[in-house]
Protein chains: 2
Amino acid sequence: MLQFSINKAFFLQALNATKRAISSKNAIPILSTIKIEVKKDYLTLTGSNGQISIEHTIASSQEDAGLLITTPGAILLEANFFINVVSSLPDVSLEVTEIEQKQVVIRSGKSEIILKGKDVDLYPRLQEISTSNPLVFETKVLRQLIAETAFAASTQESRPILTGVHLVLSHHQEFKAVATDSHRLSQRQINLEKASDNFDVVVPSRSLREFSAVFNDEVETVEVFFSSSQMLFRTETISFYTRLLEGNYPDTDRLLTKTFDTEVVFTTSKLRQAMERAHLMSNATQNGTVKLEITGKAVAAHANSPEVGQVHEELDTESISGSKLTISFNPTYLIDALKAIKSEQVTIRFISPVRPFTLTPADDSENFIQLVTPVRTN
Amino acid sequence: MLQFSINKAFFLQALNATKRAISSKNAIPILSTIKIEVKKDYLTLTGSNGQISIEHTIASSQEDAGLLITTPGAILLEANFFINVVSSLPDVSLEVTEIEQKQVVIRSGKSEIILKGKDVDLYPRLQEISTSNPLVFETKVLRQLIAETAFAASTQESRPILTGVHLVLSHHQEFKAVATDSHRLSQRQINLEKASDNFDVVVPSRSLREFSAVFNDEVETVEVFFSSSQMLFRTETISFYTRLLEGNYPDTDRLLTKTFDTEVVFTTSKLRQAMERAHLMSNATQNGTVKLEITGKAVAAHANSPEVGQVHEELDTESISGSKLTISFNPTYLIDALKAIKSEQVTIRFISPVRPFTLTPADDSENFIQLVTPVRTN
């Protein structure tokens, strides 16, 4: 019957990280619990929602943890309730002791709280992933790549494969991430320094967003492993599993043509603010769009809502070249695309009013490209 | 046809304060608009939800406002939309110009936004209140009084009068505010320095909370006026009107007896934290309660949820006197009551397990008293 004491703040942080995998409204009730496994010199917290699973390990040797293990053991506790109880405790440390009938006593200061738990055998087993040949990423590189692509994935289940981000390693060093919801697309490429085994997987964009919430930039590197149905991101203390999506991702390379007729360079932040004004108006009408009028010398934006009013604006540009063009699109897609661009300037290239246009950061037009599909208005 | 220019940040702040009276889902559609009235040397913004109304005046003479009035006039504009438009503007100032057919053009930087408005005659008239003989309050005194009482008012419409706070001035200087939802009660008394006309009104607690949101402590004093159905709080720039509740407020004085058998002094923050732990457990059960066991030497708290677990805790006390007692109650009421007490220590006085108990700040037991009704458990 397990018994350990631990620093409250440290424990709470680990519990909250693990909780990110736990949904309180899961169709499988046992997944609303957190699994606590105490071994001789470490304990592991496990949470899962069936899509992602997080294993968080705390070792006795970690100084800040103040972990003192008296007796190994394992138990399941209602995650939300347990975390609320721990965060309400009066002292800087707490002691957890299992008593009869799968109950634990939590002692802290003069408080004594008894919680009913469940038998650990009721918890589903995580599928194992072979952890040889790790692919090592800098955490901040992975998080940036996720921020640049995951938002472009579909949120609708009509084509489930599009709710994922397509991650491909080809020629052992050419890494590519692509997401599209068929209205817009975002692709980031990275050349890996070290050669690795090729892979081709589709990861739910939601899992990737959770990854970014769990691993902050303080964690320098993360190891990545694959099985046929899962992907594992691992650091010294956290193992983050996500299921992969099944099916073939559409061929997106053919969409990224290199030819174009009109090129405009904007200051990213100014264009974004102008599009947000246009969006206010376009948003007042169903399927509202903004119209961009590019002449040789200037770019003007127009949005019109018959009920509410109009926006007219001359946009600041850095340079304009190529043919005149008038094109309409949903400004939300352009705003999202601009949010993903950290570069001060953005290059937008147009082919025709009915063909998708591309956005690239002015300082890196090779490795990060986005695509927005226009709306026909006539 | 109105025309003025104004500093964007200043205008936005005034618009947002006025918007507090505007609900976007009002049964009377015209109340989703904001009224802009431009006079020779000031403009007034008006918002109302039928319960409260706010009039915000900006004068040309206010330096920060940067208000330059070209032509007086008046118009109604959809409040939310207009505020979103103003906050999205690119420049530090903006110009509003009325054009034909009740439309306005908003110009800022290179943006030009046309909004459709409505005729100002469609807006309901605010009832006038005679503004002679002001009763003057320090804003922070009023706000504290609201914080100490409004939370205890009922949120249920079954007895509408209890959704208000009872404000009474008797003997021209004895000011009293009382709120109760019949489970708990909170009463604050203040002796006014200057004699004023007696009054006896019931103000919706929601209106008072909005008052606290609109007037911060930077505004030193506020003038108060009454009509038969309304109350007006006025500063130099803002007039805040609220409807009064109709009906007789119950006699609450008879509830506040002075006799008691048991008295315990607690450290306010420690008792509150202990009650929050007990509440975690009691909250897991419908109508869950916490049980306090007071012996001559100690006070223990117990909460029990058959499904989830138990809390047992010995409470820190400053002093205990009088008879032994065991009493049960909903810890939420005690937590709310303790939140309203700024004093470091709180005195709780009990009569019997079935009679309400009182809380007073240890440093001011005369002017601020709260009452919590116990729950019979057997």
# chains A, B, ... in the order shown; residues from 1 in each chain; ligands from 1

$ residues_around --residues "A:Ile129" --least-positions-apart "3" --cutoff "12 Å" --atoms "only C-alpha atoms" --output "PyMOL selection string"
chain A and resi 126+132-134+224-234+239-243

$ residues_around --residues "stretch 303-306 of chain B" --least-positions-apart "6" --cutoff "8 Å" --atoms "only C-alpha atoms" --output "PDB file with C-alpha atoms, in the first residue's frame"
ATOM      1  CA  ALA B 278     -14.231  21.395   3.317  1.00  0.00           C
ATOM      2  CA  HIS B 279     -16.216  22.882   0.448  1.00  0.00           C
ATOM      3  CA  MET B 281     -15.746  17.693  -0.305  1.00  0.00           C
ATOM      4  CA  SER B 282     -19.206  19.021   0.607  1.00  0.00           C
ATOM      5  CA  ALA B 284     -19.251  16.682  -4.255  1.00  0.00           C
ATOM      6  CA  THR B 285     -22.585  15.864  -2.585  1.00  0.00           C
ATOM      7  CA  GLY B 288     -23.390  18.984   1.244  1.00  0.00           C
ATOM      8  CA  THR B 289     -22.530  20.646   4.523  1.00  0.00           C
ATOM      9  CA  VAL B 290     -19.549  21.077   6.794  1.00  0.00           C
ATOM     10  CA  LYS B 291     -19.815  20.237  10.491  1.00  0.00           C
ATOM     11  CA  HIS B 312     -11.106  16.216   8.900  1.00  0.00           C
TER      12      HIS B 312
END

$ residues_around --residues "stretch 196-205 of chain B" --least-positions-apart "2" --cutoff "10 Å" --atoms "only C-alpha atoms" --output "MDAnalysis selection string"
chainID B and resid 51:52 133:136 146 149:155 160:179 192:194 207:211 226 228:231 242:249

$ write_last_selection --atoms "C-alpha atoms" --output "short mmCIF file (atom, residue, chain, number, x, y, z; two decimals), in the first residue's frame"
data_model
loop_
_atom_site.label_atom_id
_atom_site.label_comp_id
_atom_site.auth_asym_id
_atom_site.auth_seq_id
_atom_site.Cartn_x
_atom_site.Cartn_y
_atom_site.Cartn_z
CA GLN B 51 -32.42 48.82 -15.72
CA ILE B 52 -29.34 50.99 -15.62
CA ASN B 133 -29.47 68.61 -2.31
CA PRO B 134 -26.88 66.03 -3.28
CA LEU B 135 -25.89 63.37 -0.81
CA VAL B 136 -22.11 63.10 -1.21
CA ILE B 146 -21.30 47.30 -2.03
CA THR B 149 -23.34 43.50 1.08
CA ALA B 150 -24.38 42.99 -2.57
CA PHE B 151 -23.11 39.37 -2.74
CA ALA B 152 -25.61 38.37 -0.01
CA ALA B 153 -28.63 39.41 -2.08
CA SER B 154 -30.68 36.69 -3.72
CA THR B 155 -30.05 35.73 -7.34
CA PRO B 160 -37.71 39.87 -6.39
CA ILE B 161 -37.31 42.28 -3.47
CA LEU B 162 -34.50 40.08 -2.08
CA THR B 163 -32.46 40.57 -5.28
CA GLY B 164 -31.87 44.12 -4.06
CA VAL B 165 -29.82 45.80 -1.37
CA HIS B 166 -31.85 47.75 1.19
CA LEU B 167 -30.39 51.25 1.63
CA VAL B 168 -31.81 53.31 4.49
CA LEU B 169 -30.92 56.70 5.91
CA SER B 170 -32.59 57.29 9.27
CA HIS B 171 -32.18 60.15 11.76
CA HIS B 172 -30.55 62.02 8.84
CA GLN B 173 -27.14 60.52 9.51
CA GLU B 174 -27.50 56.79 10.21
CA PHE B 175 -26.89 55.01 6.92
CA LYS B 176 -27.50 51.27 6.67
CA ALA B 177 -27.14 48.77 3.80
CA VAL B 178 -28.60 45.25 4.17
CA ALA B 179 -28.85 42.31 1.78
CA LEU B 192 -22.62 60.16 7.87
CA GLU B 193 -20.71 63.29 8.80
CA LYS B 194 -23.30 65.61 7.28
CA SER B 207 -26.88 47.64 -10.54
CA LEU B 208 -24.63 48.19 -7.54
CA ARG B 209 -22.05 45.75 -8.90
CA GLU B 210 -22.08 47.66 -12.19
CA PHE B 211 -21.64 50.87 -10.21
CA PHE B 226 -33.31 59.84 -5.69
CA SER B 228 -39.58 57.69 -6.61
CA SER B 229 -38.44 54.99 -9.03
CA GLN B 230 -34.77 55.75 -9.72
CA MET B 231 -31.46 56.52 -8.13
CA THR B 242 -30.54 52.68 -11.80
CA ARG B 243 -34.15 51.69 -11.34
CA LEU B 244 -35.27 50.92 -7.79
CA LEU B 245 -37.10 47.74 -6.82
CA GLU B 246 -40.74 48.15 -5.81
CA GLY B 247 -42.15 46.58 -2.66
CA ASN B 248 -41.43 46.42 1.07
CA TYR B 249 -38.14 45.03 2.24
#

$ closest_atom_pairs --of "chain A" --to "chain B" --cutoff "10 Å" --atoms "only C-alpha atoms" --output "JSON lines"
{"residue": "A:Leu77", "atom": "CA", "partner": "B:Val308", "partner_atom": "CA", "distance": 9.9}
{"residue": "A:Glu78", "atom": "CA", "partner": "B:Val308", "partner_atom": "CA", "distance": 8.8}
{"residue": "A:Phe81", "atom": "CA", "partner": "B:Leu280", "partner_atom": "CA", "distance": 7.9}
{"residue": "A:Phe82", "atom": "CA", "partner": "B:Leu280", "partner_atom": "CA", "distance": 9.9}
{"residue": "A:Asn84", "atom": "CA", "partner": "B:Leu280", "partner_atom": "CA", "distance": 7.5}
{"residue": "A:Val85", "atom": "CA", "partner": "B:Arg277", "partner_atom": "CA", "distance": 6.8}
{"residue": "A:Val86", "atom": "CA", "partner": "B:Arg277", "partner_atom": "CA", "distance": 9.5}
{"residue": "A:Ser87", "atom": "CA", "partner": "B:Arg277", "partner_atom": "CA", "distance": 9.3}
{"residue": "A:Ser88", "atom": "CA", "partner": "B:Arg277", "partner_atom": "CA", "distance": 5.9}
{"residue": "A:Leu89", "atom": "CA", "partner": "B:Arg277", "partner_atom": "CA", "distance": 7.4}
{"residue": "A:Pro90", "atom": "CA", "partner": "B:Gln273", "partner_atom": "CA", "distance": 7.6}
{"residue": "A:Gln103", "atom": "CA", "partner": "B:Gly309", "partner_atom": "CA", "distance": 8.4}
{"residue": "A:Val104", "atom": "CA", "partner": "B:Gly309", "partner_atom": "CA", "distance": 9.2}
{"residue": "A:Val105", "atom": "CA", "partner": "B:Gln310", "partner_atom": "CA", "distance": 9.2}
{"residue": "A:Ile106", "atom": "CA", "partner": "B:Val311", "partner_atom": "CA", "distance": 9.4}
{"residue": "A:Arg107", "atom": "CA", "partner": "B:Glu313", "partner_atom": "CA", "distance": 9.8}
{"residue": "A:Ser108", "atom": "CA", "partner": "B:Glu313", "partner_atom": "CA", "distance": 9.8}
{"residue": "A:Gly109", "atom": "CA", "partner": "B:Glu313", "partner_atom": "CA", "distance": 9.0}
{"residue": "A:Lys110", "atom": "CA", "partner": "B:Glu313", "partner_atom": "CA", "distance": 5.7}
{"residue": "A:Ser111", "atom": "CA", "partner": "B:Glu313", "partner_atom": "CA", "distance": 4.5}
{"residue": "A:Glu112", "atom": "CA", "partner": "B:His312", "partner_atom": "CA", "distance": 5.1}
{"residue": "A:Ile113", "atom": "CA", "partner": "B:Val311", "partner_atom": "CA", "distance": 4.4}
{"residue": "A:Ile114", "atom": "CA", "partner": "B:Gln310", "partner_atom": "CA", "distance": 4.9}
{"residue": "A:Leu115", "atom": "CA", "partner": "B:Gly309", "partner_atom": "CA", "distance": 4.4}
{"residue": "A:Lys116", "atom": "CA", "partner": "B:Val308", "partner_atom": "CA", "distance": 5.5}
{"residue": "A:Gly117", "atom": "CA", "partner": "B:Val308", "partner_atom": "CA", "distance": 8.4}
{"residue": "A:Lys270", "atom": "CA", "partner": "B:Pro90", "partner_atom": "CA", "distance": 8.6}
{"residue": "A:Gln273", "atom": "CA", "partner": "B:Ser88", "partner_atom": "CA", "distance": 7.2}
{"residue": "A:Ala274", "atom": "CA", "partner": "B:Pro90", "partner_atom": "CA", "distance": 8.0}
{"residue": "A:Met275", "atom": "CA", "partner": "B:Ser88", "partner_atom": "CA", "distance": 10.0}
{"residue": "A:Glu276", "atom": "CA", "partner": "B:Ser88", "partner_atom": "CA", "distance": 7.2}
{"residue": "A:Arg277", "atom": "CA", "partner": "B:Ser88", "partner_atom": "CA", "distance": 5.9}
{"residue": "A:Ala278", "atom": "CA", "partner": "B:Ile113", "partner_atom": "CA", "distance": 9.2}
{"residue": "A:Leu280", "atom": "CA", "partner": "B:Val85", "partner_atom": "CA", "distance": 7.2}
{"residue": "A:Met281", "atom": "CA", "partner": "B:Val85", "partner_atom": "CA", "distance": 8.8}
{"residue": "A:Ala284", "atom": "CA", "partner": "B:Phe81", "partner_atom": "CA", "distance": 9.1}
{"residue": "A:Ala300", "atom": "CA", "partner": "B:Lys110", "partner_atom": "CA", "distance": 10.0}
{"residue": "A:Ala301", "atom": "CA", "partner": "B:Ser111", "partner_atom": "CA", "distance": 9.4}
{"residue": "A:His302", "atom": "CA", "partner": "B:Ile113", "partner_atom": "CA", "distance": 9.7}
{"residue": "A:Ala303", "atom": "CA", "partner": "B:Ile113", "partner_atom": "CA", "distance": 9.4}
{"residue": "A:Asn304", "atom": "CA", "partner": "B:Ile114", "partner_atom": "CA", "distance": 9.2}
{"residue": "A:Ser305", "atom": "CA", "partner": "B:Leu115", "partner_atom": "CA", "distance": 9.5}
{"residue": "A:Pro306", "atom": "CA", "partner": "B:Lys116", "partner_atom": "CA", "distance": 9.3}
{"residue": "A:Glu307", "atom": "CA", "partner": "B:Lys116", "partner_atom": "CA", "distance": 7.5}
{"residue": "A:Val308", "atom": "CA", "partner": "B:Lys116", "partner_atom": "CA", "distance": 5.5}
{"residue": "A:Gly309", "atom": "CA", "partner": "B:Leu115", "partner_atom": "CA", "distance": 4.4}
{"residue": "A:Gln310", "atom": "CA", "partner": "B:Ile114", "partner_atom": "CA", "distance": 4.9}
{"residue": "A:Val311", "atom": "CA", "partner": "B:Ile113", "partner_atom": "CA", "distance": 4.4}
{"residue": "A:His312", "atom": "CA", "partner": "B:Glu112", "partner_atom": "CA", "distance": 5.2}
{"residue": "A:Glu313", "atom": "CA", "partner": "B:Ser111", "partner_atom": "CA", "distance": 4.5}
{"residue": "A:Glu314", "atom": "CA", "partner": "B:Lys110", "partner_atom": "CA", "distance": 5.8}
{"residue": "A:Leu315", "atom": "CA", "partner": "B:Lys110", "partner_atom": "CA", "distance": 7.6}
{"residue": "A:Asp316", "atom": "CA", "partner": "B:Lys110", "partner_atom": "CA", "distance": 8.9}

$ write_last_selection --atoms "C-alpha atoms" --output "short mmCIF file (atom, residue, chain, number, x, y, z; two decimals), in the first residue's frame"
data_model
loop_
_atom_site.label_atom_id
_atom_site.label_comp_id
_atom_site.auth_asym_id
_atom_site.auth_seq_id
_atom_site.Cartn_x
_atom_site.Cartn_y
_atom_site.Cartn_z
CA LEU A 77 -7.65 8.91 -8.29
CA GLU A 78 -10.29 11.18 -9.83
CA PHE A 81 -10.82 16.37 -7.62
CA PHE A 82 -7.41 15.17 -6.52
CA ASN A 84 -8.16 20.58 -6.40
CA VAL A 85 -7.52 18.88 -3.07
CA VAL A 86 -3.74 19.08 -3.44
CA SER A 87 -3.88 22.75 -4.43
CA SER A 88 -6.01 23.55 -1.36
CA LEU A 89 -3.63 21.98 1.17
CA PRO A 90 -2.29 24.25 3.91
CA GLN A 103 -8.58 4.74 -0.28
CA VAL A 104 -5.80 7.25 0.34
CA VAL A 105 -5.29 9.65 3.24
CA ILE A 106 -3.68 12.97 2.31
CA ARG A 107 -2.10 14.73 5.27
CA SER A 108 -0.82 18.31 5.23
CA GLY A 109 -0.58 20.60 8.25
CA LYS A 110 -3.58 19.79 10.44
CA SER A 111 -5.70 18.66 7.47
CA GLU A 112 -6.54 15.07 6.85
CA ILE A 113 -8.39 14.25 3.66
CA ILE A 114 -9.55 10.77 2.74
CA LEU A 115 -10.21 10.08 -0.95
CA LYS A 116 -11.72 7.02 -2.55
CA GLY A 117 -9.61 5.62 -5.37
CA LYS A 270 0.21 46.82 -40.78
CA GLN A 273 -4.33 45.41 -38.69
CA ALA A 274 -5.91 46.55 -41.95
CA MET A 275 -7.32 43.06 -42.52
CA GLU A 276 -8.75 43.06 -38.99
CA ARG A 277 -10.65 46.26 -39.78
CA ALA A 278 -11.90 44.75 -43.03
CA LEU A 280 -15.04 43.54 -38.74
CA MET A 281 -17.14 44.56 -41.70
CA ALA A 284 -21.15 41.27 -40.34
CA ALA A 300 -6.64 49.32 -51.74
CA ALA A 301 -8.84 47.14 -49.55
CA HIS A 302 -12.63 47.26 -49.58
CA ALA A 303 -15.19 45.44 -47.46
CA ASN A 304 -18.90 45.96 -47.60
CA SER A 305 -21.81 44.81 -45.47
CA PRO A 306 -25.17 45.94 -46.85
CA GLU A 307 -26.67 46.10 -43.34
CA VAL A 308 -23.79 47.64 -41.41
CA GLY A 309 -21.53 49.73 -43.61
CA GLN A 310 -18.26 49.76 -45.55
CA VAL A 311 -14.50 49.93 -45.10
CA HIS A 312 -12.20 51.55 -47.64
CA GLU A 313 -8.51 51.74 -47.04
CA GLU A 314 -5.32 52.38 -48.89
CA LEU A 315 -2.75 49.84 -47.69
CA ASP A 316 0.87 50.67 -46.93
#

$ atom_distance --atom1 "atom CA of A:Thr252" --atom2 "atom CA of A:Ser365"
17.4 Å

$ closest_residue --among "A:Leu334, A:Ile294, A:Leu68, A:Val346" --to "A:Ser321" --atoms "only C-alpha atoms"
A:Ile294

$ atom_distance --atom1 "atom CA of A:Asn283" --atom2 "atom CA of A:Leu371"
21.1 Å

$ closest_residue --among "A:Ser5, A:Arg349, A:Asp91, A:Ile34" --to "A:Lys118" --atoms "only C-alpha atoms"
A:Ile34

$ residues_around --residues "B:Pro29" --least-positions-apart "2" --cutoff "12 Å" --atoms "only C-alpha atoms" --output "PyMOL selection string"
chain B and resi 22-27+31-34+48-50+76-79+118+122-124

$ write_last_selection --atoms "C-alpha atoms" --output "short mmCIF file (atom, residue, chain, number, x, y, z; two decimals), in the first residue's frame"
data_model
loop_
_atom_site.label_atom_id
_atom_site.label_comp_id
_atom_site.auth_asym_id
_atom_site.auth_seq_id
_atom_site.Cartn_x
_atom_site.Cartn_y
_atom_site.Cartn_z
CA ILE B 22 -25.62 48.14 -22.83
CA SER B 23 -26.58 44.52 -23.32
CA SER B 24 -26.25 43.21 -26.88
CA LYS B 25 -29.18 40.83 -26.32
CA ASN B 26 -31.81 43.29 -25.20
CA ALA B 27 -35.50 42.62 -25.82
CA LEU B 31 -31.06 49.61 -26.58
CA SER B 32 -28.21 47.78 -28.31
CA THR B 33 -27.18 51.17 -29.72
CA ILE B 34 -25.12 53.90 -28.13
CA SER B 48 -29.00 51.82 -21.27
CA ASN B 49 -30.42 48.34 -20.75
CA GLY B 50 -33.68 49.59 -19.24
CA LEU B 76 -27.45 56.20 -32.68
CA LEU B 77 -24.80 53.61 -33.58
CA GLU B 78 -24.73 49.85 -32.91
CA ALA B 79 -22.65 49.92 -29.70
CA LYS B 118 -30.30 55.35 -36.63
CA LEU B 122 -35.94 56.42 -31.71
CA TYR B 123 -34.04 56.31 -28.41
CA PRO B 124 -36.14 56.17 -25.21
#

$ select_by_dssp --residues "stretch 207-371 of chain B" --states "strand (DSSP E or B)" --output "PyMOL selection string"
chain B and resi 221-226+230-234+238-243+262-267+290-294+299-305+309-315+319-322+325-329+345-350+357-361+368-371

$ residues_around --residues "A:Leu256" --least-positions-apart "6" --cutoff "9 Å" --atoms "only C-alpha atoms" --output "PyMOL selection string"
chain A and resi 358+369-371

$ write_last_selection --atoms "C-alpha atoms" --output "PDB file, in the first residue's frame"
ATOM      1  CA  THR A 358       1.022  32.558 -51.657  1.00  0.00           C
ATOM      2  CA  ILE A 369       5.034  29.082 -47.567  1.00  0.00           C
ATOM      3  CA  GLN A 370       1.320  29.578 -47.131  1.00  0.00           C
ATOM      4  CA  LEU A 371      -1.527  29.475 -49.593  1.00  0.00           C
TER       5      LEU A 371
END

$ select_by_dssp --residues "stretch 228-290 of chain B" --states "helix (DSSP H, G or I)" --output "ChimeraX atom specification"
/B:253-255,268-282

$ residues_around --residues "stretch 61-63 of chain B" --least-positions-apart "2" --cutoff "10 Å" --atoms "only C-alpha atoms" --output "PDB file with C-alpha atoms, in the first residue's frame"
ATOM      1  CA  ASN B   7      -8.316  61.106 -29.270  1.00  0.00           C
ATOM      2  CA  ASP B  41     -18.532  72.316 -26.537  1.00  0.00           C
ATOM      3  CA  TYR B  42     -19.127  68.797 -25.264  1.00  0.00           C
ATOM      4  CA  ILE B  58     -16.622  64.572 -22.694  1.00  0.00           C
ATOM      5  CA  ALA B  59     -15.904  68.299 -22.808  1.00  0.00           C
ATOM      6  CA  ALA B  65      -9.723  64.153 -24.897  1.00  0.00           C
ATOM      7  CA  GLY B  66      -8.408  66.104 -27.884  1.00  0.00           C
ATOM      8  CA  LEU B  67     -12.054  66.814 -28.691  1.00  0.00           C
ATOM      9  CA  LEU B  68     -12.621  69.222 -31.549  1.00  0.00           C
TER      10      LEU B  68
END

$ residues_around --residues "stretch 12-15 of chain B" --least-positions-apart "3" --cutoff "7 Å" --atoms "only C-alpha atoms" --output "compact mmCIF listing (two decimals) with C-alpha atoms, in the first residue's frame"
# COMPACT_ATOMS: atom_id res chain seq x y z
CA LYS B 8 -8.85 57.40 -29.91
CA ALA B 9 -7.69 56.04 -26.53
CA THR B 18 -20.84 53.57 -21.28
CA LYS B 19 -21.10 50.10 -22.81
CA HIS B 56 -20.78 59.92 -20.16
CA ILE B 83 -16.57 50.19 -30.32
CA VAL B 86 -12.93 52.51 -33.03
CA SER B 87 -10.54 50.14 -31.28
